[in-house]
Amino acid sequence: MTTTSRVGLLATIGLLVTAAVWGSTFVLIKDVVDRMPVADFLAVRFIVAAVVMFALFHRHVARLERRQLWRGVMLGALYGLGQLLQTWGLSLISPSVSGFVTGMYVVFTPILATFLLRQRMSTSVWLAVGMATLGLALLTLNGFSVDLGVWLTLISALLYGLHIVGLGHWARADEAFGLSAVQMAVIALVCLLATAGHGGPTLPPDRSAWIAVLYMALVAGAGAMLMQTWAQAHLPATRAAIVMTTEPVFAATFAVMFGSDVLTWRMLCGGGLVLAAMYLVELTPRREPPAEAIHHEV
């Protein structure tokens, strides 16, 4: 195995770990947002993550070129808006429909990469996109109607697709710390502005809520953003998107493990299709230039 292959494998494993962490948060988020406003929860979560990341990586931020700083601002704004729209949409539709519509970023990502970056996608990659989409539908979809919540969530999926494409094109492995910190600060600002209408964010109401918020801020927020930024410096955007569709697979697994859901044939078939799609895309010969070469051309 070459050095490039080893790094690519590590990046894939890193994204899998990130998806597992995100999947573990569904039960926690459901409990916390029942006891505090959604925008307030997001603002506190990302402010904590931003403060910690800047305390650790402020020197890395200072070393970023102005162009990379602005790119971090744009990426953070995309992600922050996506978080707000996804969460607001979730308040209007069922979690299962929200999960499917959010996962549509796996469709948007190759389309955006094709039109914005002029990347050519192989037939096997498009097949993997279709398999992942069908798997997400089996995992999460149980009835579907197009209303405001669906449209809000669909727009958030488009923003996540743009974030994945932009991060894959702009991220450099040696700038992952600084770029992650900038993104997190902007995400926190976007969520904080969303609380301005009622005078700013309220704090978590009790100890268990604080523990959940800190886990989501430090592990599922700061840690996951750092891992995603580093991993996408080594993987094409479409591959990264397909690997990250394992998030609902992990969410369903945790739901079954903690007794909040029952294992069904839909979970098994849907999860199997998502995992098969990831396996297929990882076996596809990589005809694209190495990610590092693409990043250093811009």
# chains A, B, ... in the order shown; residues from 1 in each chain; ligands from 1

$ residues_around --residues "segment 198-201 of chain A" --least-positions-apart "2" --cutoff "6 Å" --atoms "only C-alpha atoms" --output "PyMOL selection string"
chain A and resi 40+195-196

$ residues_around --residues "Ile242 of chain A" --least-positions-apart "4" --cutoff "12 Å" --atoms "only C-alpha atoms" --output "CSV table (one decimal) with C-alpha atoms, in the first residue's frame"
chain,number,residue,atom,x,y,z
A,12,THR,CA,-12.0,7.4,5.3
A,15,LEU,CA,-14.9,10.3,8.4
A,16,LEU,CA,-16.5,7.0,9.6
A,19,ALA,CA,-20.3,9.9,11.2
A,103,GLY,CA,-29.0,12.9,3.6
A,104,MET,CA,-29.8,14.2,0.1
A,105,TYR,CA,-26.5,16.0,0.2
A,106,VAL,CA,-25.1,12.8,-1.1
A,107,VAL,CA,-27.0,13.6,-4.4
A,108,PHE,CA,-26.2,17.3,-4.4
A,109,THR,CA,-22.5,16.8,-3.8
A,110,PRO,CA,-21.5,15.1,-7.1
A,125,VAL,CA,-19.7,6.7,-8.3
A,126,TRP,CA,-23.2,7.6,-9.7
A,127,LEU,CA,-24.3,4.0,-8.9
A,128,ALA,CA,-23.1,4.4,-5.4
A,129,VAL,CA,-25.0,7.7,-5.0
A,130,GLY,CA,-28.2,6.0,-6.1
A,131,MET,CA,-27.6,3.1,-3.7
A,132,ALA,CA,-26.9,5.4,-0.8
A,133,THR,CA,-30.0,7.4,-1.6
A,135,GLY,CA,-30.6,3.1,1.6
A,136,LEU,CA,-31.3,6.4,3.3
A,161,GLY,CA,-23.4,19.7,-0.2
A,164,ILE,CA,-18.5,19.4,1.4
A,235,LEU,CA,-10.5,12.7,-0.2
A,236,PRO,CA,-12.6,13.9,-3.2
A,237,ALA,CA,-15.8,15.6,-2.1
A,238,THR,CA,-18.2,12.9,-3.5
A,246,THR,CA,-23.3,6.2,7.3
A,247,GLU,CA,-24.4,8.8,9.9
A,248,PRO,CA,-28.1,7.5,9.9
A,273,LEU,CA,-27.2,-0.4,1.0
A,274,VAL,CA,-25.4,2.6,2.5
A,275,LEU,CA,-22.5,0.5,3.5
A,276,ALA,CA,-22.4,-1.2,0.1
A,277,ALA,CA,-22.4,2.2,-1.6
A,278,MET,CA,-19.4,3.3,0.6
A,279,TYR,CA,-17.6,0.0,-0.2
A,280,LEU,CA,-18.3,0.4,-3.9
A,281,VAL,CA,-17.0,4.0,-4.0
A,282,GLU,CA,-13.8,3.0,-2.1

$ closest_residue --among "A:Val165, A:Arg120, A:Asp174, A:Gly99" --to "Gly23 of chain A" --atoms "only C-alpha atoms"
A:Gly99

$ closest_residue --among "A:Val32, A:Leu268, A:Met244, A:Met257" --to "Val17 of chain A" --atoms "only C-alpha atoms"
A:Met244

$ residues_around --residues "segment 68-73 of chain A" --least-positions-apart "4" --cutoff "12 Å" --atoms "only C-alpha atoms" --output "ChimeraX atom specification"
/A:60-64,77-80,163,166-172,175-190,225,229,295-296,298

$ residues_around --residues "Gln228 of chain A" --least-positions-apart "2" --cutoff "8 Å" --atoms "only C-alpha atoms" --output "PyMOL selection string"
chain A and resi 14-15+18+224-226+230-232

$ closest_residue --among "A:Trp88, A:Phe115, A:Tyr215, A:Trp210" --to "Thr153 of chain A" --atoms "only C-alpha atoms"
A:Trp88

$ closest_residue --among "A:Gly89, A:Pro204, A:Gly8, A:Gly82" --to "Pro37 of chain A" --atoms "only C-alpha atoms"
A:Pro204

$ residues_around --residues "Asp31 of chain A" --least-positions-apart "4" --cutoff "12 Å" --atoms "only C-alpha atoms" --output "PyMOL selection string"
chain A and resi 25-27+35-38+41+204-206+208-213

$ residues_around --residues "Thr3 of chain A" --least-positions-apart "4" --cutoff "12 Å" --atoms "only C-alpha atoms" --output "PyMOL selection string"
chain A and resi 7-10+234+290

$ atom_distance --atom1 "atom CA of Ile155 of chain A" --atom2 "atom CA of Leu90 of chain A"
12.5 Å

$ atom_distance --atom1 "atom CA of Ile29 of chain A" --atom2 "atom CA of Val243 of chain A"
22.5 Å

$ closest_residue --among "A:Leu154, A:Ala137, A:Leu159, A:Met227" --to "Met267 of chain A" --atoms "only C-alpha atoms"
A:Ala137

$ closest_residue --among "A:Asp34, A:Leu218, A:Arg6, A:Arg239" --to "Met121 of chain A" --atoms "only C-alpha atoms"
A:Arg239

$ select_by_dssp --residues "segment 18-260 of chain A" --states "alpha helix (DSSP H)" --output "ChimeraX atom specification"
/A:18-23,26-33,38-62,66-90,95-102,105-116,123-140,148-170,176-193,207-217,224-232,237-244,247-257
